[in-house]
Each structure stands twice: as C-alpha cells, then as structure tokens.
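K.L.:
So here's run34.cif (mmCIF, C-alpha atoms).
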```cif
data_model
#
loop_
_atom_site.label_atom_id
_atom_site.label_comp_id
_atom_site.auth_asym_id
_atom_site.auth_seq_id
_atom_site.Cartn_x
_atom_site.Cartn_y
_atom_site.Cartn_z
CA MET A 299 88.24 -62.08 3.77
CA THR A 300 86.97 -60.92 0.40
CA ALA A 301 84.66 -57.91 0.70
CA TYR A 302 81.03 -58.41 -0.26
CA HIS A 303 79.52 -56.49 -3.17
CA PHE A 304 75.74 -55.80 -3.26
CA ILE A 305 73.63 -53.94 -5.81
CA ILE A 306 70.40 -52.18 -4.78
CA VAL A 307 67.97 -51.84 -7.70
CA ASP A 308 65.19 -49.31 -7.08
CA ASP A 309 64.08 -46.19 -8.95
CA HIS A 310 63.40 -44.25 -5.74
CA PRO A 311 66.60 -42.59 -4.45
CA LEU A 312 65.21 -42.14 -0.94
CA PHE A 313 64.59 -45.86 -0.57
CA ARG A 314 68.00 -46.73 -2.04
CA ASP A 315 69.56 -44.45 0.56
CA ALA A 316 67.50 -46.02 3.36
CA LEU A 317 68.39 -49.58 2.33
CA ARG A 318 72.05 -48.66 1.90
CA LEU A 319 72.03 -47.22 5.41
CA SER A 320 70.39 -50.40 6.76
CA LEU A 321 73.05 -52.61 5.18
CA SER A 322 76.11 -50.44 5.76
CA GLY A 323 78.44 -51.82 8.39
CA MET A 324 77.15 -55.40 8.10
CA PHE A 325 80.55 -56.57 6.86
CA GLU A 326 84.00 -55.05 6.80
CA GLY A 327 84.72 -53.61 3.37
CA LEU A 328 81.15 -54.06 2.13
CA GLU A 329 80.60 -52.33 -1.22
CA ILE A 330 77.07 -51.34 -2.19
CA GLY A 331 76.29 -50.30 -5.76
CA GLU A 332 73.02 -48.79 -6.94
CA ALA A 333 70.94 -49.15 -10.11
CA VAL A 334 67.72 -47.45 -11.14
CA GLY A 335 66.36 -50.09 -13.51
CA LEU A 336 66.91 -53.35 -15.36
CA ASP A 337 69.32 -52.09 -18.04
CA ASP A 338 71.34 -50.31 -15.37
CA VAL A 339 71.76 -53.37 -13.16
CA VAL A 340 72.54 -55.60 -16.16
CA GLY A 341 75.37 -53.25 -17.10
CA LYS A 342 76.72 -53.30 -13.56
CA LEU A 343 76.50 -57.09 -13.34
CA ASN A 344 78.33 -57.46 -16.64
CA ALA A 345 81.06 -55.28 -15.17
CA ARG A 346 81.02 -57.07 -11.77
CA PRO A 347 79.82 -60.65 -12.38
CA GLU A 348 81.23 -61.62 -8.98
CA THR A 349 78.51 -59.54 -7.27
CA ASP A 350 77.31 -61.37 -4.16
CA LEU A 351 73.70 -60.16 -4.00
CA VAL A 352 71.12 -58.12 -5.92
CA LEU A 353 68.30 -56.49 -3.96
CA LEU A 354 65.57 -55.92 -6.54
CA ASP A 355 62.34 -53.93 -6.42
CA LEU A 356 59.54 -55.48 -8.51
CA TYR A 357 58.11 -52.08 -9.39
CA MET A 358 60.27 -50.07 -11.77
CA PRO A 359 59.81 -48.30 -15.11
CA GLY A 360 60.30 -50.72 -17.98
CA VAL A 361 59.99 -53.79 -15.75
CA GLN A 362 56.68 -55.63 -15.84
CA GLY A 363 55.77 -57.97 -13.04
CA PHE A 364 58.29 -60.75 -12.60
CA SER A 365 60.07 -60.08 -15.91
CA GLY A 366 63.03 -58.33 -14.28
CA LEU A 367 63.53 -61.19 -11.84
CA MET A 368 63.15 -63.76 -14.63
CA TYR A 369 65.69 -61.96 -16.78
CA LEU A 370 68.31 -61.63 -14.04
CA ARG A 371 67.93 -65.25 -12.94
CA ALA A 372 68.33 -66.45 -16.54
CA GLN A 373 71.19 -64.09 -17.43
CA PHE A 374 73.11 -64.29 -14.14
CA PRO A 375 72.15 -67.62 -12.51
CA GLU A 376 75.06 -67.51 -10.05
CA VAL A 377 74.01 -64.17 -8.49
CA PRO A 378 71.32 -64.44 -5.77
CA VAL A 379 68.40 -62.04 -6.20
CA VAL A 380 66.29 -60.92 -3.25
CA ILE A 381 63.04 -59.05 -3.88
CA VAL A 382 62.61 -55.95 -1.71
CA SER A 383 59.06 -54.68 -2.15
CA ALA A 384 56.20 -52.85 -0.50
CA ASN A 385 53.86 -55.53 -1.87
CA GLU A 386 53.15 -58.03 0.92
CA ASP A 387 50.69 -60.19 -1.00
CA PRO A 388 51.56 -63.82 -0.12
CA GLN A 389 50.77 -64.93 -3.68
CA ILE A 390 53.29 -62.46 -5.11
CA MET A 391 55.88 -63.64 -2.57
CA ARG A 392 55.32 -67.30 -3.48
CA ARG A 393 55.47 -66.57 -7.20
CA SER A 394 58.76 -64.69 -6.72
CA MET A 395 60.16 -67.85 -5.18
CA ASP A 396 58.84 -69.85 -8.15
CA PHE A 397 60.82 -67.57 -10.47
CA GLY A 398 64.05 -68.08 -8.60
CA ALA A 399 64.26 -65.35 -5.97
CA SER A 400 66.46 -66.23 -3.00
CA GLY A 401 64.32 -64.19 -0.66
CA TYR A 402 61.50 -61.70 -0.30
CA ILE A 403 61.98 -58.75 2.06
CA PRO A 404 58.98 -56.45 2.67
CA LYS A 405 60.00 -52.79 2.80
CA SER A 406 58.19 -52.54 6.12
CA LEU A 407 60.83 -54.65 7.91
CA GLY A 408 63.15 -53.12 10.46
CA VAL A 409 66.93 -52.87 10.07
CA ASP A 410 67.72 -55.92 12.21
CA GLU A 411 65.27 -58.11 10.29
CA ILE A 412 66.64 -56.94 6.93
CA ARG A 413 70.19 -57.74 8.02
CA MET A 414 69.14 -61.16 9.29
CA ALA A 415 67.41 -61.92 6.01
CA VAL A 416 70.43 -60.87 3.94
CA LYS A 417 72.83 -62.94 6.08
CA GLN A 418 70.60 -66.00 5.69
CA VAL A 419 70.58 -65.63 1.89
CA LEU A 420 74.37 -65.18 1.81
CA ASP A 421 74.57 -68.46 3.76
CA GLY A 422 72.81 -70.14 0.86
CA GLN A 423 69.35 -70.27 2.40
CA ILE A 424 65.98 -68.89 1.27
CA TRP A 425 64.40 -66.15 3.37
CA THR A 426 60.75 -65.13 3.41
CA PRO A 427 58.63 -63.58 6.17
CA PRO A 428 58.10 -66.18 8.94
CA ASP A 429 54.32 -66.07 8.54
CA LEU A 430 54.49 -66.96 4.82
CA ASP A 431 53.54 -70.58 4.13
CA LEU A 432 55.33 -71.57 0.91
CA SER A 433 53.61 -74.96 0.93
CA VAL A 434 50.20 -73.49 0.08
CA GLU A 435 49.02 -74.97 -3.20
CA GLN A 436 48.82 -72.67 -6.22
CA ALA A 437 46.35 -73.18 -9.06
CA SER A 438 47.82 -76.03 -11.10
CA GLU A 439 47.39 -74.21 -14.42
CA ASP A 440 49.21 -71.13 -13.11
CA THR A 441 51.98 -73.28 -11.66
CA GLU A 442 52.49 -74.98 -15.02
CA THR A 443 52.56 -71.63 -16.83
CA ALA A 444 55.05 -70.25 -14.32
CA ALA A 445 57.28 -73.28 -14.88
CA ARG A 446 57.07 -72.72 -18.64
CA LEU A 447 57.89 -69.02 -18.28
CA ALA A 448 60.93 -69.94 -16.19
CA THR A 449 62.38 -71.84 -19.19
CA LEU A 450 62.64 -68.70 -21.35
CA THR A 451 66.12 -67.46 -22.18
CA PRO A 452 67.11 -63.90 -21.21
CA GLN A 453 66.52 -62.63 -24.74
CA GLN A 454 63.14 -64.39 -24.93
CA VAL A 455 62.12 -62.70 -21.67
CA ARG A 456 63.02 -59.33 -23.19
CA VAL A 457 61.02 -60.11 -26.32
CA LEU A 458 57.99 -61.16 -24.25
CA MET A 459 58.27 -57.95 -22.23
CA MET A 460 58.18 -55.95 -25.48
CA LEU A 461 55.31 -58.02 -26.88
CA SER A 462 53.32 -57.18 -23.77
CA GLN A 463 54.02 -53.50 -24.46
CA GLY A 464 52.40 -53.91 -27.87
CA LEU A 465 55.59 -53.53 -29.92
CA LEU A 466 55.77 -54.97 -33.43
CA ASN A 467 58.54 -57.34 -34.55
CA LYS A 468 60.38 -54.57 -36.42
CA GLN A 469 60.23 -52.33 -33.35
CA ILE A 470 61.55 -55.11 -31.12
CA ALA A 471 64.34 -55.80 -33.65
CA TYR A 472 65.34 -52.14 -33.52
CA GLU A 473 65.31 -52.03 -29.72
CA LEU A 474 67.39 -55.21 -29.39
CA SER A 475 69.68 -54.44 -32.37
CA VAL A 476 68.88 -57.75 -34.04
CA SER A 477 67.24 -58.75 -37.32
CA GLU A 478 63.49 -59.07 -37.70
CA ALA A 479 64.05 -62.75 -38.56
CA THR A 480 65.76 -63.23 -35.20
CA VAL A 481 62.79 -61.68 -33.41
CA LYS A 482 60.40 -63.97 -35.31
CA ALA A 483 62.49 -66.96 -34.21
CA HIS A 484 62.32 -65.78 -30.60
CA VAL A 485 58.55 -65.32 -30.81
CA SER A 486 58.12 -68.82 -32.25
CA ALA A 487 60.25 -70.27 -29.45
CA ILE A 488 58.23 -68.36 -26.82
CA LEU A 489 54.94 -69.68 -28.21
CA GLN A 490 56.30 -73.23 -28.23
CA LYS A 491 57.65 -73.03 -24.67
CA LEU A 492 54.41 -71.54 -23.33
CA GLY A 493 52.26 -73.99 -25.27
CA VAL A 494 50.18 -71.27 -26.95
CA ASP A 495 49.30 -70.46 -30.55
CA SER A 496 49.53 -66.67 -30.73
CA ARG A 497 51.39 -63.63 -29.43
CA THR A 498 48.22 -62.49 -27.71
CA GLN A 499 47.86 -65.78 -25.83
CA ALA A 500 51.50 -65.56 -24.73
CA VAL A 501 50.96 -62.08 -23.29
CA ILE A 502 47.72 -63.16 -21.61
CA ALA A 503 49.46 -66.14 -20.01
CA ALA A 504 52.27 -63.96 -18.68
CA HIS A 505 49.76 -61.36 -17.50
CA ARG A 506 47.70 -63.94 -15.61
CA ILE A 507 50.74 -65.46 -13.92
CA GLY A 508 51.47 -62.11 -12.34
CA SER A 509 47.95 -61.98 -10.92
CA GLY A 510 47.44 -58.69 -12.67
CA GLN A 511 51.00 -57.61 -11.87
CA TRP A 512 52.72 -58.41 -15.18
CA GLN A 513 51.40 -55.28 -16.89
CA GLY A 514 50.67 -51.83 -15.58
CA LEU A 515 52.48 -52.19 -12.27
CA THR A 516 51.84 -49.40 -9.79
CA GLY A 517 53.12 -48.81 -6.32
CA ASP A 518 56.49 -48.77 -4.62
#
```
What's the structure tokens form of this structure?

P.N.:
Amino acid sequence: MTAYHFIIVDDHPLFRDALRLSLSGMFEGLEIGEAVGLDDVVGKLNARPETDLVLLDLYMPGVQGFSGLMYLRAQFPEVPVVIVSANEDPQIMRRSMDFGASGYIPKSLGVDEIRMAVKQVLDGQIWTPPDLDLSVEQASEDTETAARLATLTPQQVRVLMMLSQGLLNKQIAYELSVSEATVKAHVSAILQKLGVDSRTQAVIAAHRIGSGQWQGLTGD
C-alpha cells in the first residue's frame, strides 16, 4: 500500500506538533510535512503534487479569510483541503465548504474525532461537526458573491489578496514578478467576474463574504 502524505499548514509550532502527534500512527508509513504559510505550502505541493491531504489553518500571516483556501483549491484541485481552526462559527464553517474545503475540524476536537474526520475525508466524503447543519440558507447575495469568488483563478486570488492589502498595480506586479499590464488585466477580469465596477467594490465584496474575516484576521 502506498504511504499517505499529509501537510499541516499552521504558523504555530506547538499546534503543528500537537496535530502531528494526533495523526501519527494512523497509517503505516504515513509521512507528515509541515508548512508555516501559503507560500510555504504551495512550494511543498509543487514538489509533492501527489499529496493526499492538506490540513489548513484559516488564520496565518499573509492569508486573509478564505483566500488561502480559495488559492489552494484553484491551484491544486486534486488535493483535498481540510480546515483546522479554533473558529467554531457555523457561518465560517459553511462558507469554507462553499469554497471547496473537504472538511472543517475544530481545534477543540479530541484525537479520536480528528482521526475519524481525516479517514472520512480520505474516503472521499465531507466531514463537518455533527451538529453543523449545512442546509441552513445563507443570504442569497452573499451566496452569489461566494460563487463568483470561487471562479477566480489562482493568480486572480493572489491579486485580490494584494488589492485588499492596499497595494498598487506596480507593487503587485513587483511582488508577482509580472508586468503592470498583466496586473491590470487580472484586475479587469476580477471586476468582471465579481460583477463590480471598481477595485474598492471588489475588496468590499470579498470582505463581506468573510463576515468580517477576509481582512484583519485575528485568533488561532
């Protein structure tokens, strides 16, 4: 049997160690990599595209709201991503599912529950806390905006992240090592996909979809 390969993405070393300990021994030959942020995990996934599972914290430096999840799902659609977070807000859990997460594991869960959740995801199922009702209706406008955000390409997600940080086109071009004209094309495509007329409206839409979580995330 081929050994499984997981990647834990969290900027807190103590939690990475705790989650690694929880998962160790689940499968014979299980390999568990670690990453401290989005760029780190992207590099590791490029090196190991056959990775079986990414366990992603929503709250990390340089990652705003659901942008990290959106980027990974767009860039590596074959790799399941499970959110592991201290945030137990049902709306955040539901929205994570909207953006393509294969599961949502609260950090408060015990070892046995975490292992059960991971096994269920590896079996191709979706796992969320049993008391979470995914059928609860979301505001229709927010649902439409979330669906529009989910159509962004990986590079467009990165550009929107940088727009929300207040960066100018030339600064974004420098950060992404592309031309300013390329950035302008990305911005135009983002506006069209989100159905808005300005950069500010695009950032506001993304900010609202995160229920205040897209920008200025705090917590573990």

K.L.:
Run the PyMOL selection byres ((chain A and resi 461) around 9) against the file shown and list the residues it catches, as a compact mmCIF listing (two decimals) with C-alpha atoms, in the coordinates of the input.

P.N.:
```
# COMPACT_ATOMS: atom_id res chain seq x y z
CA ARG A 456 63.02 -59.33 -23.19
CA VAL A 457 61.02 -60.11 -26.32
CA LEU A 458 57.99 -61.16 -24.25
CA MET A 459 58.27 -57.95 -22.23
CA MET A 460 58.18 -55.95 -25.48
CA SER A 462 53.32 -57.18 -23.77
CA GLN A 463 54.02 -53.50 -24.46
CA GLY A 464 52.40 -53.91 -27.87
CA LEU A 465 55.59 -53.53 -29.92
CA LEU A 466 55.77 -54.97 -33.43
CA ASN A 467 58.54 -57.34 -34.55
CA ILE A 470 61.55 -55.11 -31.12
CA VAL A 485 58.55 -65.32 -30.81
CA ARG A 497 51.39 -63.63 -29.43
CA THR A 498 48.22 -62.49 -27.71
CA ALA A 500 51.50 -65.56 -24.73
CA VAL A 501 50.96 -62.08 -23.29
```

K.L.:
Using all atoms listed in the file for the distances, tell me which of A:Glu329, A:Pro428, A:Leu321, A:Ala479 is nearest to A:Asp410.

P.N.:
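Nearest candidate to A:Asp410 out of A:Glu329, A:Pro428, A:Leu321, A:Ala479: A:Leu321.
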
K.L.:
Hey, what's within 12 Å of A:Gly341 if we count only C-alpha atoms and toss same-chain stuff fewer than 5 positions away? As a ChimeraX atom specification, please?

P.N.:
/A:305,331-336,346-347,370,373-374

K.L.:
Those same residues, written as a short mmCIF file (atom, residue, chain, number, x, y, z; two decimals), in the coordinates of the input with C-alpha atoms?

P.N.:
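Output saved as again_10.cif:
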```cif
data_model
loop_
_atom_site.label_atom_id
_atom_site.label_comp_id
_atom_site.auth_asym_id
_atom_site.auth_seq_id
_atom_site.Cartn_x
_atom_site.Cartn_y
_atom_site.Cartn_z
CA ILE A 305 73.63 -53.94 -5.81
CA GLY A 331 76.29 -50.30 -5.76
CA GLU A 332 73.02 -48.79 -6.94
CA ALA A 333 70.94 -49.15 -10.11
CA VAL A 334 67.72 -47.45 -11.14
CA GLY A 335 66.36 -50.09 -13.51
CA LEU A 336 66.91 -53.35 -15.36
CA ARG A 346 81.02 -57.07 -11.77
CA PRO A 347 79.82 -60.65 -12.38
CA LEU A 370 68.31 -61.63 -14.04
CA GLN A 373 71.19 -64.09 -17.43
CA PHE A 374 73.11 -64.29 -14.14
#
```

K.L.:
Just say which residues the PyMOL selection byres ((chain A and resi 381) around 7) picks in this file, as number ranges by chain.

P.N.:
A: 353-356, 379-380, 382-383, 399, 401-403

K.L.:
Restricting the calculation to only C-alpha atoms, which member of A:Ala471, A:Met395, A:Ile390, A:Ile488 is positioned closest to A:Pro452?

P.N.:
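Ranked by minimum distance to A:Pro452, first place goes to A:Ile488.
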
K.L.:
Please provide as a PyMOL selection string all residues within 9 Å of A:Ala372, with the sequence filter that same-chain residues fewer than 5 positions apart are discarded (counting all atoms listed in the file).

P.N.:
chain A and resi 367+448-452+455

K.L.:
Write the residues of the selection above to a file with C-alpha atoms, as a PDB file, in the frame of the given file.

P.N.:
```pdb
ATOM      1  CA  LEU A 367      63.530 -61.190 -11.840  1.00  0.00           C
ATOM      2  CA  ALA A 448      60.930 -69.940 -16.190  1.00  0.00           C
ATOM      3  CA  THR A 449      62.380 -71.840 -19.190  1.00  0.00           C
ATOM      4  CA  LEU A 450      62.640 -68.700 -21.350  1.00  0.00           C
ATOM      5  CA  THR A 451      66.120 -67.460 -22.180  1.00  0.00           C
ATOM      6  CA  PRO A 452      67.110 -63.900 -21.210  1.00  0.00           C
ATOM      7  CA  VAL A 455      62.120 -62.700 -21.670  1.00  0.00           C
TER       8      VAL A 455
END
```

K.L.:
Kindly output stretch 434-469 of chain A as an mmCIF file, keeping the file's coordinate frame, after building N, CA and C atoms.

P.N.:
```cif
data_model
loop_
_atom_site.group_PDB
_atom_site.id
_atom_site.type_symbol
_atom_site.label_atom_id
_atom_site.label_comp_id
_atom_site.auth_asym_id
_atom_site.auth_seq_id
_atom_site.Cartn_x
_atom_site.Cartn_y
_atom_site.Cartn_z
ATOM 1 N N VAL A 434 51.575 -73.663 0.531
ATOM 2 C CA VAL A 434 50.200 -73.490 0.080
ATOM 3 C C VAL A 434 50.123 -73.773 -1.422
ATOM 4 N N GLU A 435 49.152 -74.585 -1.798
ATOM 5 C CA GLU A 435 49.020 -74.970 -3.200
ATOM 6 C C GLU A 435 48.572 -73.801 -4.064
ATOM 7 N N GLN A 436 49.238 -73.651 -5.227
ATOM 8 C CA GLN A 436 48.820 -72.670 -6.220
ATOM 9 C C GLN A 436 47.924 -73.376 -7.240
ATOM 10 N N ALA A 437 47.160 -72.596 -7.990
ATOM 11 C CA ALA A 437 46.350 -73.180 -9.060
ATOM 12 C C ALA A 437 47.276 -73.929 -10.005
ATOM 13 N N SER A 438 46.925 -75.182 -10.323
ATOM 14 C CA SER A 438 47.820 -76.030 -11.100
ATOM 15 C C SER A 438 48.147 -75.426 -12.463
ATOM 16 N N GLU A 439 47.158 -74.801 -13.103
ATOM 17 C CA GLU A 439 47.390 -74.210 -14.420
ATOM 18 C C GLU A 439 48.398 -73.074 -14.330
ATOM 19 N N ASP A 440 48.272 -72.236 -13.288
ATOM 20 C CA ASP A 440 49.210 -71.130 -13.110
ATOM 21 C C ASP A 440 50.607 -71.648 -12.791
ATOM 22 N N THR A 441 50.686 -72.709 -12.003
ATOM 23 C CA THR A 441 51.980 -73.280 -11.660
ATOM 24 C C THR A 441 52.676 -73.811 -12.906
ATOM 25 N N GLU A 442 51.912 -74.464 -13.773
ATOM 26 C CA GLU A 442 52.490 -74.980 -15.020
ATOM 27 C C GLU A 442 52.972 -73.838 -15.910
ATOM 28 N N THR A 443 52.164 -72.770 -16.005
ATOM 29 C CA THR A 443 52.560 -71.630 -16.830
ATOM 30 C C THR A 443 53.799 -70.962 -16.272
ATOM 31 N N ALA A 444 53.871 -70.833 -14.949
ATOM 32 C CA ALA A 444 55.050 -70.250 -14.320
ATOM 33 C C ALA A 444 56.294 -71.074 -14.627
ATOM 34 N N ALA A 445 56.145 -72.403 -14.574
ATOM 35 C CA ALA A 445 57.280 -73.280 -14.880
ATOM 36 C C ALA A 445 57.711 -73.108 -16.334
ATOM 37 N N ARG A 446 56.744 -72.935 -17.229
ATOM 38 C CA ARG A 446 57.070 -72.720 -18.640
ATOM 39 C C ARG A 446 57.768 -71.378 -18.843
ATOM 40 N N LEU A 447 57.275 -70.336 -18.173
ATOM 41 C CA LEU A 447 57.890 -69.020 -18.280
ATOM 42 C C LEU A 447 59.336 -69.057 -17.798
ATOM 43 N N ALA A 448 59.590 -69.859 -16.774
ATOM 44 C CA ALA A 448 60.930 -69.940 -16.190
ATOM 45 C C ALA A 448 61.934 -70.576 -17.143
ATOM 46 N N THR A 449 61.471 -71.217 -18.226
ATOM 47 C CA THR A 449 62.380 -71.840 -19.190
ATOM 48 C C THR A 449 62.830 -70.862 -20.275
ATOM 49 N N LEU A 450 62.262 -69.670 -20.313
ATOM 50 C CA LEU A 450 62.640 -68.700 -21.350
ATOM 51 C C LEU A 450 64.074 -68.222 -21.139
ATOM 52 N N THR A 451 64.771 -68.015 -22.250
ATOM 53 C CA THR A 451 66.120 -67.460 -22.180
ATOM 54 C C THR A 451 66.032 -65.960 -21.871
ATOM 55 N N PRO A 452 67.147 -65.339 -21.477
ATOM 56 C CA PRO A 452 67.110 -63.900 -21.210
ATOM 57 C C PRO A 452 66.556 -63.078 -22.370
ATOM 58 N N GLN A 453 66.990 -63.398 -23.586
ATOM 59 C CA GLN A 453 66.520 -62.630 -24.740
ATOM 60 C C GLN A 453 65.026 -62.872 -24.993
ATOM 61 N N GLN A 454 64.570 -64.095 -24.761
ATOM 62 C CA GLN A 454 63.140 -64.390 -24.930
ATOM 63 C C GLN A 454 62.307 -63.649 -23.906
ATOM 64 N N VAL A 455 62.825 -63.493 -22.690
ATOM 65 C CA VAL A 455 62.120 -62.700 -21.670
ATOM 66 C C VAL A 455 61.992 -61.261 -22.151
ATOM 67 N N ARG A 456 63.071 -60.705 -22.704
ATOM 68 C CA ARG A 456 63.020 -59.330 -23.190
ATOM 69 C C ARG A 456 62.003 -59.182 -24.314
ATOM 70 N N VAL A 457 61.978 -60.160 -25.212
ATOM 71 C CA VAL A 457 61.020 -60.110 -26.320
ATOM 72 C C VAL A 457 59.589 -60.183 -25.793
ATOM 73 N N LEU A 458 59.336 -61.054 -24.818
ATOM 74 C CA LEU A 458 57.990 -61.160 -24.250
ATOM 75 C C LEU A 458 57.592 -59.873 -23.543
ATOM 76 N N MET A 459 58.542 -59.238 -22.862
ATOM 77 C CA MET A 459 58.270 -57.950 -22.230
ATOM 78 C C MET A 459 57.802 -56.931 -23.285
ATOM 79 N N MET A 460 58.497 -56.916 -24.420
ATOM 80 C CA MET A 460 58.180 -55.950 -25.480
ATOM 81 C C MET A 460 56.867 -56.303 -26.182
ATOM 82 N N LEU A 461 56.602 -57.609 -26.319
ATOM 83 C CA LEU A 461 55.310 -58.020 -26.880
ATOM 84 C C LEU A 461 54.175 -57.514 -26.004
ATOM 85 N N SER A 462 54.366 -57.596 -24.694
ATOM 86 C CA SER A 462 53.320 -57.180 -23.770
ATOM 87 C C SER A 462 53.139 -55.662 -23.766
ATOM 88 N N GLN A 463 54.141 -54.946 -24.309
ATOM 89 C CA GLN A 463 54.020 -53.500 -24.460
ATOM 90 C C GLN A 463 53.374 -53.121 -25.788
ATOM 91 N N GLY A 464 53.065 -54.148 -26.595
ATOM 92 C CA GLY A 464 52.400 -53.910 -27.870
ATOM 93 C C GLY A 464 53.335 -53.598 -29.026
ATOM 94 N N LEU A 465 54.640 -53.841 -28.850
ATOM 95 C CA LEU A 465 55.590 -53.530 -29.920
ATOM 96 C C LEU A 465 55.508 -54.562 -31.049
ATOM 97 N N LEU A 466 55.728 -54.100 -32.261
ATOM 98 C CA LEU A 466 55.770 -54.970 -33.430
ATOM 99 C C LEU A 466 57.155 -55.597 -33.555
ATOM 100 N N ASN A 467 57.260 -56.657 -34.386
ATOM 101 C CA ASN A 467 58.540 -57.340 -34.550
ATOM 102 C C ASN A 467 59.648 -56.378 -34.982
ATOM 103 N N LYS A 468 59.340 -55.483 -35.932
ATOM 104 C CA LYS A 468 60.380 -54.570 -36.420
ATOM 105 C C LYS A 468 60.811 -53.586 -35.331
ATOM 106 N N GLN A 469 59.873 -53.214 -34.453
ATOM 107 C CA GLN A 469 60.230 -52.330 -33.350
ATOM 108 C C GLN A 469 61.101 -53.048 -32.319
#
```
